[in-house]
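Enquirer: This one is target-v8.cif, mmCIF, C-alpha atoms.
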data_coords
#
loop_
_atom_site.label_atom_id
_atom_site.label_comp_id
_atom_site.auth_asym_id
_atom_site.auth_seq_id
_atom_site.Cartn_x
_atom_site.Cartn_y
_atom_site.Cartn_z
CA MET A 1 -22.88 -3.63 -5.75
CA ASP A 2 -19.68 -1.64 -6.27
CA THR A 3 -18.08 -3.19 -3.19
CA ASP A 4 -19.17 -6.68 -4.25
CA ASP A 5 -17.60 -6.13 -7.67
CA ALA A 6 -14.43 -4.78 -6.05
CA VAL A 7 -14.11 -7.86 -3.83
CA ARG A 8 -14.65 -10.22 -6.76
CA THR A 9 -12.11 -8.36 -8.87
CA SER A 10 -9.65 -8.39 -5.98
CA GLU A 11 -10.02 -12.15 -5.56
CA GLU A 12 -9.12 -12.59 -9.21
CA GLU A 13 -6.14 -10.25 -8.89
CA LEU A 14 -5.01 -12.06 -5.75
CA GLY A 15 -4.45 -15.23 -7.75
CA PHE A 16 -2.33 -13.39 -10.29
CA ALA A 17 -0.40 -11.55 -7.58
CA THR A 18 0.36 -14.75 -5.70
CA ALA A 19 1.63 -16.42 -8.85
CA GLN A 20 3.68 -13.37 -9.78
CA PHE A 21 5.23 -12.36 -6.45
CA GLY A 22 4.79 -15.40 -4.21
CA GLU A 23 2.56 -16.22 -1.26
CA GLU A 24 4.64 -14.28 1.26
CA ALA A 25 4.39 -11.02 -0.66
CA ALA A 26 0.68 -11.63 -1.26
CA LYS A 27 -0.16 -12.14 2.44
CA PRO A 28 -1.28 -8.53 3.08
CA PHE A 29 -3.52 -8.68 0.01
CA THR A 30 -4.92 -12.05 1.09
CA ALA A 31 -5.73 -10.68 4.54
CA ALA A 32 -7.29 -7.53 3.08
CA VAL A 33 -9.51 -9.53 0.74
CA ALA A 34 -10.61 -11.74 3.64
CA ARG A 35 -11.47 -8.69 5.77
CA ALA A 36 -13.33 -7.09 2.87
CA LYS A 37 -15.34 -10.27 2.28
CA ASP A 38 -16.28 -10.36 5.95
CA GLU A 39 -17.43 -6.72 5.87
CA LEU A 40 -19.39 -7.42 2.69
CA THR A 41 -21.03 -10.51 4.21
CA GLN A 42 -22.16 -8.50 7.22
CA SER A 43 -23.49 -5.79 4.91
CA PHE A 44 -25.53 -8.30 2.92
CA ARG A 45 -26.98 -9.71 6.13
CA LEU A 46 -28.08 -6.25 7.19
CA ARG A 47 -29.55 -5.60 3.75
CA GLN A 48 -31.47 -8.88 3.97
CA GLN A 49 -32.87 -7.88 7.35
CA LEU A 50 -34.05 -4.61 5.86
CA ASP A 51 -35.73 -6.44 2.99
CA ASP A 52 -37.45 -9.16 5.04
CA ALA A 53 -41.12 -9.26 5.98
CA PHE A 54 -40.58 -7.55 9.34
CA PRO A 55 -40.16 -3.80 8.79
CA GLU A 56 -37.91 -1.81 11.13
CA ASP A 57 -38.77 1.58 12.57
CA ASP A 58 -37.18 4.62 10.92
CA ALA A 59 -34.41 5.04 13.51
CA THR A 60 -33.37 1.38 13.27
CA ARG A 61 -33.50 1.49 9.49
CA ARG A 62 -31.24 4.55 9.39
CA ARG A 63 -28.80 2.93 11.80
CA MET A 64 -28.65 -0.25 9.70
CA LEU A 65 -28.17 1.69 6.48
CA ASP A 66 -25.39 3.72 8.09
CA GLU A 67 -23.69 0.50 9.19
CA ILE A 68 -23.94 -0.94 5.67
CA LEU A 69 -22.31 2.18 4.25
CA ARG A 70 -19.60 2.13 6.90
CA ARG A 71 -18.78 -1.53 6.32
CA CYS A 72 -18.63 -1.07 2.55
CA ALA A 73 -16.37 1.95 2.95
CA THR A 74 -14.07 0.00 5.28
CA ALA A 75 -13.87 -2.86 2.79
CA ASN A 76 -13.06 -0.55 -0.11
CA GLU A 77 -10.43 1.37 1.85
CA GLY A 78 -8.65 -1.85 2.80
CA LEU A 79 -8.64 -3.09 -0.77
CA ASP A 80 -7.45 0.27 -2.10
CA THR A 81 -4.51 0.31 0.30
CA VAL A 82 -3.15 -3.09 -0.67
CA SER A 83 -3.92 -2.46 -4.34
CA GLU A 84 -1.61 0.53 -4.19
CA ASP A 85 1.07 -1.70 -2.67
CA PHE A 86 0.75 -4.19 -5.50
CA ASP A 87 0.76 -1.43 -8.08
CA ARG A 88 4.07 -0.36 -6.56
CA LEU A 89 5.41 -3.92 -6.80
CA ARG A 90 4.43 -4.13 -10.46
CA ALA A 91 6.14 -0.81 -11.12
CA LEU A 92 9.26 -2.07 -9.36
CA GLU A 93 9.19 -5.21 -11.46
CA ARG A 94 9.28 -3.12 -14.63
CA THR A 95 12.12 -0.91 -13.37
CA ALA A 96 13.94 -3.33 -11.07
CA PRO A 97 17.55 -2.43 -12.02
CA GLN A 98 16.98 1.31 -11.67
CA ALA A 99 14.94 0.95 -8.47
CA LEU A 100 17.64 -1.28 -7.01
CA ALA A 101 20.31 1.31 -7.76
CA THR A 102 18.21 4.03 -6.10
CA VAL A 103 17.51 2.14 -2.89
CA ASP A 104 21.12 0.96 -2.72
CA ALA A 105 22.35 4.56 -2.95
CA THR A 106 19.91 5.64 -0.24
CA HIS A 107 21.09 2.77 1.94
CA HIS A 108 24.72 3.85 1.61
CA ASP A 109 23.84 7.49 2.28
CA LEU A 110 21.98 6.64 5.48
CA ALA A 111 24.72 4.28 6.64
CA GLY A 112 27.13 7.20 6.33
CA ARG A 113 24.96 9.29 8.66
CA ILE A 114 24.99 6.82 11.56
CA ALA A 115 28.17 8.16 13.17
CA ALA A 116 26.91 11.75 13.05
CA ALA A 117 23.59 10.69 14.57
CA GLU A 118 25.37 8.85 17.39
CA SER A 119 27.39 11.98 18.09
CA GLY A 120 24.18 13.98 18.00
CA VAL A 121 22.52 11.83 20.65
CA ALA A 122 25.65 11.96 22.80
CA GLY A 123 25.62 15.73 22.46
CA LEU A 124 21.99 15.90 23.57
CA ARG A 125 22.80 13.81 26.64
CA GLU A 126 25.74 16.00 27.53
CA ARG A 127 23.96 19.30 26.99
CA TYR A 128 20.42 18.50 28.16
CA GLY A 129 20.64 15.26 30.16
CA GLU A 130 19.32 11.73 29.75
CA GLY A 131 15.67 12.72 30.07
CA ALA A 132 15.86 15.18 27.20
CA ALA A 133 17.60 12.66 24.95
CA ALA A 134 15.31 9.78 25.92
CA PRO A 135 12.78 10.18 23.06
CA VAL A 136 15.54 9.52 20.51
CA ALA A 137 18.03 7.56 22.63
CA ALA A 138 17.33 4.25 20.90
CA ASP A 139 16.67 5.66 17.43
CA VAL A 140 20.20 5.31 16.08
CA GLU A 141 20.46 1.67 17.11
CA GLU A 142 17.05 0.97 15.59
CA ALA A 143 18.11 2.76 12.41
CA GLU A 144 21.17 0.52 12.23
CA ASP A 145 18.95 -2.55 12.56
CA ARG A 146 16.74 -1.32 9.71
CA LEU A 147 19.81 -0.70 7.56
CA VAL A 148 21.16 -4.19 8.22
CA PHE A 149 17.83 -5.59 7.05
CA ALA A 150 17.84 -3.26 4.05
CA GLY A 151 21.36 -4.33 3.13
CA SER A 152 20.31 -7.97 3.16
CA ALA A 153 17.25 -7.21 1.03
CA VAL A 154 19.37 -5.23 -1.44
CA GLY A 155 21.72 -8.20 -1.76
CA GLU A 156 18.84 -10.58 -2.47
CA ALA A 157 17.37 -8.14 -4.97
CA ARG A 158 20.69 -7.82 -6.79
CA THR A 159 20.97 -11.60 -7.09
CA ALA A 160 17.42 -11.77 -8.47
CA VAL A 161 18.03 -8.97 -11.00
CA GLU A 162 21.20 -10.66 -12.22
CA ALA A 163 19.20 -13.86 -12.69
CA GLY A 164 16.50 -12.00 -14.63
CA GLU A 165 13.91 -12.64 -11.91
CA ASN A 166 12.47 -9.15 -11.67
CA SER A 167 9.29 -10.25 -9.86
CA ARG A 168 11.32 -11.68 -7.01
CA ALA A 169 13.64 -8.68 -7.08
CA ALA A 170 10.66 -6.33 -6.73
CA VAL A 171 9.64 -7.96 -3.44
CA TYR A 172 13.10 -7.46 -1.96
CA ILE A 173 13.41 -3.92 -3.32
CA ARG A 174 10.07 -3.01 -1.74
CA ALA A 175 11.25 -4.44 1.58
CA ALA A 176 14.50 -2.48 1.32
CA GLU A 177 12.59 0.72 0.51
CA GLY A 178 10.46 0.30 3.61
CA ALA A 179 13.49 -0.34 5.81
CA VAL A 180 15.53 2.62 4.55
CA GLY A 181 12.47 4.84 4.83
CA GLN A 182 12.12 3.93 8.50
CA ALA A 183 15.86 4.33 9.06
CA GLY A 184 15.70 7.81 7.55
CA THR A 185 12.82 8.76 9.83
CA LEU A 186 14.75 7.54 12.88
CA LEU A 187 17.89 9.47 11.97
CA GLU A 188 15.95 12.64 11.17
CA SER A 189 14.27 12.44 14.57
CA VAL A 190 17.63 13.13 16.24
CA ASP A 191 18.04 16.40 14.33
CA ARG A 192 14.44 17.37 14.99
CA ARG A 193 14.80 16.72 18.71
CA ALA A 194 17.94 18.85 18.86
CA ALA A 195 16.12 21.71 17.12
CA GLU A 196 13.12 21.45 19.47
CA LEU A 197 15.31 21.44 22.57
CA GLY A 198 17.24 24.45 21.34
CA GLU A 199 14.06 26.37 20.56
CA ALA A 200 12.56 25.53 23.95
CA ALA A 201 15.74 26.63 25.73
CA ARG A 202 15.55 30.00 23.96
CA LYS A 203 11.89 30.50 24.87
CA LEU A 204 12.14 29.39 28.50
CA PRO A 205 13.62 32.58 30.09
CA ALA A 206 10.81 34.73 28.70
CA ALA A 207 8.23 32.16 29.81
CA LEU A 208 9.62 32.25 33.35
CA THR A 209 9.48 36.05 33.40
CA GLU A 210 5.88 36.06 32.17
CA THR A 211 4.86 33.56 34.82
CA GLU A 212 6.50 35.66 37.53
CA THR A 213 4.52 38.67 36.30
CA ASP A 214 1.32 36.66 36.46
CA LEU A 215 2.21 35.50 39.96
CA ALA A 216 2.50 39.13 41.02
CA ASP A 217 -0.88 39.90 39.42
CA ALA A 218 -2.41 36.88 41.13
CA GLY A 219 -1.00 38.01 44.47
CA GLY A 220 -2.58 41.42 43.96
CA LEU A 221 -5.90 39.81 43.08
CA LEU A 222 -5.67 37.71 46.23
CA GLU A 223 -5.11 40.77 48.39
CA GLY A 224 -8.05 42.54 46.79
CA THR A 225 -10.46 39.66 47.33
CA ALA A 226 -13.40 40.55 49.56
CA GLU A 227 -13.30 39.13 53.08
CA GLY A 228 -15.15 35.84 53.32
CA ALA A 229 -14.82 35.03 49.61
CA SER A 230 -13.25 31.68 48.78
CA THR A 231 -9.64 31.94 47.64
CA ALA A 232 -8.66 28.26 47.86
CA ASP A 233 -8.56 27.73 44.10
CA LEU A 234 -6.46 30.83 43.43
CA ARG A 235 -4.09 30.00 46.29
CA GLY A 236 -3.67 26.50 44.88
CA ARG A 237 -2.78 27.84 41.44
CA ILE A 238 -0.33 30.30 42.92
CA ALA A 239 1.33 27.58 45.00
CA ARG A 240 1.64 25.31 41.98
CA ALA A 241 3.15 28.04 39.81
CA GLU A 242 5.63 28.99 42.54
CA ALA A 243 6.65 25.36 42.95
CA VAL A 244 7.10 24.90 39.20
CA LEU A 245 9.20 28.05 38.89
CA ALA A 246 11.39 27.04 41.80
CA ASP A 247 11.82 23.52 40.44
CA VAL A 248 12.63 24.68 36.90
CA ARG A 249 15.06 27.35 38.04
CA GLY A 250 16.71 24.81 40.31
CA ALA A 251 17.08 22.36 37.43
CA MET A 252 18.56 25.08 35.21
CA ALA A 253 21.10 25.99 37.87
CA ALA A 254 21.99 22.39 38.71
CA GLY A 255 23.19 21.43 35.25
CA PRO A 256 21.75 19.61 32.21
CA TYR A 257 17.95 19.74 32.06
CA ASP A 258 15.14 19.12 29.56
CA PRO A 259 13.97 22.53 28.26
CA VAL A 260 10.98 21.08 26.38
CA ASP A 261 9.65 19.49 29.57
CA ALA A 262 10.49 22.62 31.57
CA LEU A 263 8.70 24.85 29.07
CA ARG A 264 5.66 22.57 29.11
CA ARG A 265 5.44 22.71 32.91
CA VAL A 266 5.86 26.48 33.03
CA GLU A 267 3.27 26.97 30.29
CA GLU A 268 0.74 24.75 32.07
CA ALA A 269 1.25 26.54 35.40
CA ASP A 270 1.02 29.96 33.76
CA ALA A 271 -2.08 28.95 31.81
CA ALA A 272 -3.74 27.97 35.09
CA LEU A 273 -2.87 31.38 36.54
CA ASP A 274 -4.11 33.11 33.41
CA GLU A 275 -7.44 31.32 33.72
CA ALA A 276 -7.83 32.62 37.27
CA LEU A 277 -6.86 36.14 36.21
CA ALA A 278 -9.06 36.21 33.11
CA GLY A 279 -11.95 37.94 34.83
CA ALA A 280 -9.72 40.67 36.24
CA ARG A 281 -8.04 41.45 32.92
CA ASP A 282 -9.52 43.34 30.03
CA GLN A 283 -10.20 41.31 26.91
CA GLU A 284 -7.34 42.75 24.88
CA ARG A 285 -4.73 42.00 27.54
CA GLY A 286 -6.15 38.52 28.08
CA GLU A 287 -5.95 37.75 24.38
CA ALA A 288 -2.34 38.95 24.25
CA LYS A 289 -1.45 36.72 27.19
CA ALA A 290 -3.11 33.71 25.59
CA ARG A 291 -1.18 34.39 22.40
CA SER A 292 2.08 34.39 24.34
CA LEU A 293 1.23 31.07 25.98
CA LEU A 294 0.10 29.67 22.63
CA ASP A 295 3.57 30.01 21.13
CA GLN A 296 4.98 27.82 23.89
CA ALA A 297 2.12 25.32 23.77
CA MET A 298 2.42 24.87 20.00
CA LEU A 299 6.11 24.01 20.36
CA THR A 300 5.64 21.42 23.11
CA ALA A 301 2.65 19.89 21.31
CA ARG A 302 4.58 19.71 18.04
CA SER A 303 7.43 17.99 19.83
CA ALA A 304 5.10 15.44 21.42
CA ILE A 305 3.31 14.76 18.13
CA GLY A 306 6.62 14.28 16.32
CA ALA A 307 7.85 11.78 18.90
CA ALA A 308 4.61 9.78 18.76
CA ALA A 309 4.44 9.85 14.95
CA ASP A 310 8.02 8.64 14.58
CA HIS A 311 7.48 5.78 17.02
CA ILE A 312 4.29 4.66 15.30
CA THR A 313 5.74 5.00 11.79
CA THR A 314 8.85 2.99 12.56
CA ASN A 315 6.95 0.31 14.49
CA ARG A 316 3.73 0.29 12.52
CA GLY A 317 3.49 -3.48 12.40
CA ALA A 318 3.25 -3.61 16.19
CA VAL A 319 1.13 -0.54 16.98
CA GLY A 320 -2.62 -0.90 17.34
CA SER A 321 -5.56 1.36 16.65
CA GLN A 322 -5.74 3.14 20.02
CA ALA A 323 -2.35 4.79 19.66
CA ARG A 324 -3.05 5.69 16.04
CA THR A 325 -6.41 7.19 16.96
CA ARG A 326 -4.89 9.34 19.71
CA LEU A 327 -2.19 10.54 17.33
CA ALA A 328 -4.68 11.39 14.60
CA GLU A 329 -6.75 13.39 17.08
CA ALA A 330 -3.63 15.13 18.40
CA GLN A 331 -2.68 16.12 14.86
CA ARG A 332 -6.22 17.35 14.19
CA ARG A 333 -6.19 19.43 17.37
CA TRP A 334 -2.79 20.90 16.53
CA GLU A 335 -3.98 21.88 13.06
CA ARG A 336 -7.12 23.37 14.59
CA ALA A 337 -4.95 25.38 16.98
CA ARG A 338 -2.96 26.67 14.04
CA GLU A 339 -6.15 27.69 12.23
CA LEU A 340 -7.52 29.50 15.29
CA SER A 341 -4.26 31.20 16.21
CA ALA A 342 -4.92 34.31 14.12
CA THR A 343 -8.42 34.98 15.44
CA ASP A 344 -8.92 33.16 18.76
CA ALA A 345 -5.77 32.76 20.82
CA ARG A 346 -7.61 31.33 23.82
CA GLY A 347 -9.37 28.71 21.74
CA ALA A 348 -6.13 27.88 19.96
CA LEU A 349 -4.33 27.50 23.29
CA ALA A 350 -6.92 25.00 24.51
CA GLU A 351 -6.58 23.00 21.30
CA ALA A 352 -2.77 22.99 21.51
CA GLN A 353 -2.87 21.80 25.11
CA GLN A 354 -5.23 18.98 24.15
CA ALA A 355 -2.96 18.07 21.23
CA ASP A 356 0.01 17.84 23.59
CA ALA A 357 -1.86 15.60 26.02
CA LEU A 358 -3.23 13.34 23.28
CA ALA A 359 0.19 12.96 21.68
CA GLY A 360 1.62 11.91 25.03
CA GLN A 361 -1.12 9.30 25.34
CA ALA A 362 -0.46 8.10 21.79
CA LEU A 363 3.23 7.60 22.50
CA ALA A 364 2.55 5.75 25.75
CA LEU A 365 0.05 3.44 24.04
CA ALA A 366 2.40 2.83 21.11
CA GLU A 367 5.28 1.97 23.44
CA GLN A 368 2.99 -0.43 25.29
CA ASP A 369 1.98 -2.08 22.01
CA VAL A 370 5.60 -2.47 20.92
CA ARG A 371 6.60 -4.01 24.25
CA GLY A 372 3.74 -6.48 23.96
CA PHE A 373 4.66 -7.31 20.37
CA ARG A 374 8.29 -7.99 21.25
CA SER A 375 7.49 -9.97 24.40
CA PRO A 376 4.31 -11.95 23.69
#
Represent the structure of the file as structure tokens.

Expert:
Amino acid sequence: MDTDDAVRTSEEELGFATAQFGEEAAKPFTAAVARAKDELTQSFRLRQQLDDAFPEDDATRRRMLDEILRRCATANEGLDTVSEDFDRLRALERTAPQALATVDATHHDLAGRIAAAESGVAGLRERYGEGAAAPVAADVEEAEDRLVFAGSAVGEARTAVEAGENSRAAVYIRAAEGAVGQAGTLLESVDRRAAELGEAARKLPAALTETETDLADAGGLLEGTAEGASTADLRGRIARAEAVLADVRGAMAAGPYDPVDALRRVEEADAALDEALAGARDQERGEAKARSLLDQAMLTARSAIGAAADHITTNRGAVGSQARTRLAEAQRRWERARELSATDARGALAEAQQADALAGQALALAEQDVRGFRSP
């Protein structure tokens, strides 16, 4: 009943919103109402099936009731989201001149940061190489595009305000706000990437030393293994760790390299060694080792989550549910790792590693969605 009332109320509000702000601005609300009506229709069909003369068994009945609740919740969430957007438009209509001045000032401030951001990306390339700068390489250009759009919207809004057409001005101000918000995110990503690379570079020498220590321990464990016992897994982990260390040290000596990627590879190789050594170490030492690895894993996971979140936020119109779902799960895992870090370093490490992997998947899926959106 509540959802039915909400849909009916929203249909009435849609008419007012369309008349007030125009069909283009009302399109998201129109689509949300249509989706909500579809969810409601399906819910009523399920309810009718439950009420007909052919009773369902308990399991089927529970499943159908759960689906009704889920569909109603989905409908309400969609309506709530667009209702908030229209509430914002109405607020902008009431304060159009002030809101215009605010977004115009933000636009000018961000435009003044473009040159510094370009220098920042160039500095990352020079210091760490193309691969390290790649996650933010296109961000400045995209920020400029958003600011060009915002500038156009600000101009249209100013014309509307001067003509006393605050409803029309509100639509353009809202568009400008969205564009400058995305531009700000893109420019901030350059600073964040620089900080992450610097932090990883500082942590890497200690991580290499720890892995070398674990390699020595693993070699000792190998020598002490009883004759005839299988050592293939341990030998494989040792070989991988040795190869990673050699590759990373070679990259460091050769010139610019990506310390975040290097730290991730060293941490993964060391974690594999630590897993093999877990049985030979006492619990206290094993927990201390996991805590050391956790610090590295949290950094690389945070970096991966930040890159994925920025890409999805600034391309949200093109990114589908799969990428968003992976990102949400990555963020949940990272938060879980943070919660566990004080009491269960091993559990936290596993969560952080999963967060890193999921964030990488989210970014790859988002990039795929954006490519498909731009080249249908």

Enquirer: Kindly give the distance, in Å, that separates atom CA of A:Leu358 and atom CA of A:Ala330, rounded to a single decimal.

Expert: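 Distance between the two atoms: 5.2 Å.
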
Enquirer: Select, from A:Val121, A:Ala99, A:Met252, A:Ala116, the residue with the minimum atom-to-atom distance to A:Ala176, counting all atoms listed in the file.

Expert: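 For A:Ala176, the nearest of the given residues is A:Ala99.
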
Enquirer: Atom CA of A:Ala200 to atom CA of A:Arg265: how many Å, to one decimal?

Expert: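 Separation of atom CA of A:Ala200 and atom CA of A:Arg265: 11.8 Å.
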
Enquirer: For A:Arg291, which of A:Ala91, A:Ala348, A:Ala308, A:Leu245 is the closest residue, counting all atoms listed in the file?

Expert: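 Residue with the minimum atom-to-atom distance to A:Arg291: A:Ala348.
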
Enquirer: Name the closest residue to A:Thr30 among the candidates A:Trp334, A:Phe86, A:Arg324, A:Arg70; distances are taken between atoms, counting only C-alpha atoms.

Expert: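 Checking each candidate against A:Thr30, we get A:Phe86 as the closest.
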
Enquirer: Between A:Thr102, A:Asn76, A:Gln42, A:Thr325, single out the one closest to A:Met64, counting only C-alpha atoms.

Expert: A:Gln42

Enquirer: Given the PyMOL selection byres ((chain A and resi 323) around 12) and the file above, list the residues it selects as a PyMOL selection string.

Expert: chain A and resi 305+308-309+311-313+315-316+318-322+324-330+358-370

Enquirer: Could you list the residues chosen by the PyMOL selection byres ((chain A and resi 120) around 10) in this structure as a VMD selection string?

Expert: chain A and resid 114 to 119 121 to 126 133 140 187 190 to 191 193 to 194

Enquirer: Report, as JSON, the axis-aligned box around all atoms of stretch 53-59 of chain A present in the file, extended by 3 Å on each side; give centre and edge lengths in Å to one decimal place.

Expert:
{"center_x": -37.8, "center_y": -2.1, "center_z": 9.7, "size_x": 12.7, "size_y": 20.3, "size_z": 13.5}

Enquirer: Interatomic distance between atom CA of A:Leu50 and atom CA of A:Asp66?

Expert: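 Atom-to-atom, atom CA of A:Leu50 to atom CA of A:Asp66, that is 12.2 Å.
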